[in-house]
Amino acid sequence: MAMSRVDTADDHDEPPALQARALDDLRYIRQTMENASFFTAFSGWGLMLVGASAIAAGWLAPRQPHSVKIWIADAVFSLAIGAMTTTFKARTAKQPLVSGPVRKFALSFAPAILVGALLTLALLRAGLLDLLPGAWLLLYGAGVAAGGAFSVRAIPVMGMCFLALGAVALFGPAAWGNGLLVAGFGGLHLIFGALIARRYGG
């Protein structure tokens, strides 16, 4: 019993400086966890820019003899915009690019995009252009949904929306293809981009 009283007295006699340091450490840990929980590698402003370019591509594509080239050019542009805006957002949020949520998202997202590029070449070679809208929407949606497992809830929801549009494009009339690409890469990016920019730091 005496030993217990001594221990209790020692606890009360703990230096104030040590207690303050412990509280500071706890605050730092809590803030770090909150930042990690609400950080998304996607830039909302970047997504809106990608969406705007997709709407422009969707307007231009039917007016060109090789509409597929317009969409491929837009895809390359969108990947560049995504990479730049993600890098900027990660640096602003002091998130490392080679580790943490950015790296996890990239590793989950990249395989679907690589498969999409290879499948595009195969479908072009076979002349199956009508299958491209469905394949693009499905593979992009799969990549976003997989990467979204390491991000905020809005990202996997956006991925599932792309998957739904991709299923419609794959089995619906070929005439719907361009419109569904605009709805997905244009409309969904604008909607979710605005949501992410508002709620998750740009």
# chains A, B, ... in the order shown; residues from 1 in each chain; ligands from 1
>>> residues_around(residues="Ala194 in chain A", least_positions_apart="4", cutoff="12 Å", atoms="only C-alpha atoms", output="list in words")
Phe42, Ser43, Gly44, Trp45, Gly46, Leu47, Met48, Leu49, Val50, Gly51, Ala154, Gly187, Leu188, His189, Leu190, Arg198, Arg199, Tyr200, Gly201 and Gly202 of chain A
>>> residues_around(residues="Asp74 in chain A", least_positions_apart="4", cutoff="7 Å", atoms="only C-alpha atoms", output="PDB file with all heavy atoms, in the first residue's frame")
ATOM      1  N   SER A  53     -12.001  19.751 -70.659  1.00  0.00           N
ATOM      2  CA  SER A  53     -11.338  19.342 -71.907  1.00  0.00           C
ATOM      3  C   SER A  53     -12.077  18.171 -72.557  1.00  0.00           C
ATOM      4  O   SER A  53     -12.144  18.073 -73.789  1.00  0.00           O
ATOM      5  CB  SER A  53      -9.878  18.959 -71.634  1.00  0.00           C
ATOM      6  OG  SER A  53      -9.788  17.728 -70.942  1.00  0.00           O
ATOM      7  N   ALA A  54     -12.652  17.282 -71.733  1.00  0.00           N
ATOM      8  CA  ALA A  54     -13.412  16.153 -72.282  1.00  0.00           C
ATOM      9  C   ALA A  54     -14.684  16.631 -72.980  1.00  0.00           C
ATOM     10  O   ALA A  54     -15.084  16.086 -74.012  1.00  0.00           O
ATOM     11  CB  ALA A  54     -13.757  15.157 -71.175  1.00  0.00           C
ATOM     12  N   ALA A  57     -13.572  17.868 -76.244  1.00  0.00           N
ATOM     13  CA  ALA A  57     -13.260  16.742 -77.135  1.00  0.00           C
ATOM     14  C   ALA A  57     -14.532  16.087 -77.651  1.00  0.00           C
ATOM     15  O   ALA A  57     -14.624  15.698 -78.823  1.00  0.00           O
ATOM     16  CB  ALA A  57     -12.397  15.723 -76.390  1.00  0.00           C
ATOM     17  N   ILE A  70      -9.068  12.301 -81.519  1.00  0.00           N
ATOM     18  CA  ILE A  70      -9.394  13.427 -80.639  1.00  0.00           C
ATOM     19  C   ILE A  70      -9.452  12.953 -79.191  1.00  0.00           C
ATOM     20  O   ILE A  70      -8.895  13.585 -78.280  1.00  0.00           O
ATOM     21  CB  ILE A  70     -10.743  14.064 -81.050  1.00  0.00           C
ATOM     22  CG1 ILE A  70     -10.674  14.583 -82.484  1.00  0.00           C
ATOM     23  CG2 ILE A  70     -11.127  15.172 -80.080  1.00  0.00           C
ATOM     24  CD1 ILE A  70      -9.674  15.691 -82.696  1.00  0.00           C
ATOM     25  N   SER A  78      -5.143  14.882 -70.483  1.00  0.00           N
ATOM     26  CA  SER A  78      -5.726  14.705 -69.153  1.00  0.00           C
ATOM     27  C   SER A  78      -4.742  14.058 -68.186  1.00  0.00           C
ATOM     28  O   SER A  78      -4.670  14.436 -67.009  1.00  0.00           O
ATOM     29  CB  SER A  78      -7.003  13.862 -69.246  1.00  0.00           C
ATOM     30  OG  SER A  78      -7.972  14.523 -70.022  1.00  0.00           O
TER      31      SER A  78
END
>>> atom_distance(atom1="CA of Ala75 in chain A", atom2="CA of Leu121 in chain A")
13.9 Å
>>> closest_residue(among="A:Val144, A:Leu124, A:Ala167, A:Ala197", to="Thr85 in chain A", atoms="only C-alpha atoms")
A:Ala197
>>> residues_around(residues="Ser67 in chain A", least_positions_apart="5", cutoff="12 Å", atoms="only C-alpha atoms", output="list in words")
Ala57, Gly58, Trp59, Leu60, Ala61, Pro62, Ile72, Ala73, Asp74, Leu129, Asp130, Leu132, Pro133, Gly177 and Asn178 of chain A
>>> write_last_selection(atoms="N, CA, C and O atoms", output="mmCIF file, in the first residue's frame")
data_model
loop_
_atom_site.group_PDB
_atom_site.id
_atom_site.type_symbol
_atom_site.label_atom_id
_atom_site.label_comp_id
_atom_site.auth_asym_id
_atom_site.auth_seq_id
_atom_site.Cartn_x
_atom_site.Cartn_y
_atom_site.Cartn_z
ATOM 1 N N ALA A 57 -13.572 17.868 -76.244
ATOM 2 C CA ALA A 57 -13.260 16.742 -77.135
ATOM 3 C C ALA A 57 -14.532 16.087 -77.651
ATOM 4 O O ALA A 57 -14.624 15.698 -78.823
ATOM 5 N N GLY A 58 -15.545 15.956 -76.780
ATOM 6 C CA GLY A 58 -16.805 15.350 -77.188
ATOM 7 C C GLY A 58 -17.543 16.176 -78.212
ATOM 8 O O GLY A 58 -18.251 15.631 -79.067
ATOM 9 N N TRP A 59 -17.389 17.500 -78.141
ATOM 10 C CA TRP A 59 -18.008 18.363 -79.149
ATOM 11 C C TRP A 59 -17.258 18.282 -80.474
ATOM 12 O O TRP A 59 -17.861 18.277 -81.547
ATOM 13 N N LEU A 60 -15.929 18.178 -80.397
ATOM 14 C CA LEU A 60 -15.105 18.200 -81.599
ATOM 15 C C LEU A 60 -15.060 16.850 -82.312
ATOM 16 O O LEU A 60 -15.025 16.790 -83.546
ATOM 17 N N ALA A 61 -15.068 15.750 -81.552
ATOM 18 C CA ALA A 61 -14.856 14.419 -82.129
ATOM 19 C C ALA A 61 -15.818 14.065 -83.260
ATOM 20 O O ALA A 61 -15.375 13.595 -84.319
ATOM 21 N N PRO A 62 -17.139 14.251 -83.117
ATOM 22 C CA PRO A 62 -18.045 13.858 -84.217
ATOM 23 C C PRO A 62 -17.867 14.695 -85.484
ATOM 24 O O PRO A 62 -18.343 14.308 -86.547
ATOM 25 N N ILE A 72 -8.070 10.234 -77.909
ATOM 26 C CA ILE A 72 -6.749 9.787 -77.449
ATOM 27 C C ILE A 72 -5.888 10.993 -77.078
ATOM 28 O O ILE A 72 -5.185 10.991 -76.050
ATOM 29 N N ALA A 73 -5.950 12.040 -77.904
ATOM 30 C CA ALA A 73 -5.202 13.261 -77.587
ATOM 31 C C ALA A 73 -5.687 13.860 -76.276
ATOM 32 O O ALA A 73 -4.887 14.334 -75.440
ATOM 33 N N ASP A 74 -7.001 13.832 -76.057
ATOM 34 C CA ASP A 74 -7.552 14.355 -74.802
ATOM 35 C C ASP A 74 -7.101 13.512 -73.613
ATOM 36 O O ASP A 74 -6.847 14.046 -72.526
ATOM 37 N N LEU A 129 -13.868 -0.274 -83.199
ATOM 38 C CA LEU A 129 -13.894 1.060 -82.593
ATOM 39 C C LEU A 129 -15.113 1.270 -81.700
ATOM 40 O O LEU A 129 -15.053 2.065 -80.756
ATOM 41 N N ASP A 130 -16.206 0.568 -81.995
ATOM 42 C CA ASP A 130 -17.419 0.753 -81.202
ATOM 43 C C ASP A 130 -17.244 0.291 -79.752
ATOM 44 O O ASP A 130 -18.022 0.692 -78.880
ATOM 45 N N LEU A 132 -14.534 0.850 -77.938
ATOM 46 C CA LEU A 132 -13.605 1.711 -77.210
ATOM 47 C C LEU A 132 -14.259 2.518 -76.088
ATOM 48 O O LEU A 132 -13.712 2.567 -74.980
ATOM 49 N N PRO A 133 -15.403 3.176 -76.304
ATOM 50 C CA PRO A 133 -15.986 3.952 -75.199
ATOM 51 C C PRO A 133 -16.248 3.119 -73.952
ATOM 52 O O PRO A 133 -15.921 3.527 -72.832
ATOM 53 N N GLY A 177 -21.955 6.117 -77.761
ATOM 54 C CA GLY A 177 -20.578 6.113 -77.283
ATOM 55 C C GLY A 177 -20.017 7.487 -76.967
ATOM 56 O O GLY A 177 -19.511 7.730 -75.869
ATOM 57 N N ASN A 178 -20.095 8.403 -77.919
ATOM 58 C CA ASN A 178 -19.519 9.729 -77.708
ATOM 59 C C ASN A 178 -20.218 10.470 -76.569
ATOM 60 O O ASN A 178 -19.569 11.105 -75.728
#
>>> residues_around(residues="Leu119 in chain A", least_positions_apart="5", cutoff="10 Å", atoms="only C-alpha atoms", output="list in words")
Ile113, Leu114, Leu124, Arg125, Leu132, Ala135, Trp136 and Leu139 of chain A
>>> atom_distance(atom1="CA of Gly172 in chain A", atom2="CA of Leu138 in chain A")
13.7 Å
>>> closest_residue(among="A:Leu170, A:Leu195, A:Leu181, A:Leu79", to="Val157 in chain A", atoms="only C-alpha atoms")
A:Leu195
>>> atom_distance(atom1="CA of Leu123 in chain A", atom2="CA of Ile155 in chain A")
28.2 Å
>>> closest_residue(among="A:Pro111, A:Gly127, A:Gly134, A:Gly148", to="Ala169 in chain A", atoms="only C-alpha atoms")
A:Gly134
>>> select_by_dssp(residues="range 37-122 of chain A", states="alpha helix (DSSP H)", output="PyMOL selection string")
chain A and resi 37-38+44-60+67-92+100-122
>>> closest_residue(among="A:Met84, A:Ser151, A:Thr92, A:Leu137", to="Val182 in chain A", atoms="only C-alpha atoms")
A:Leu137
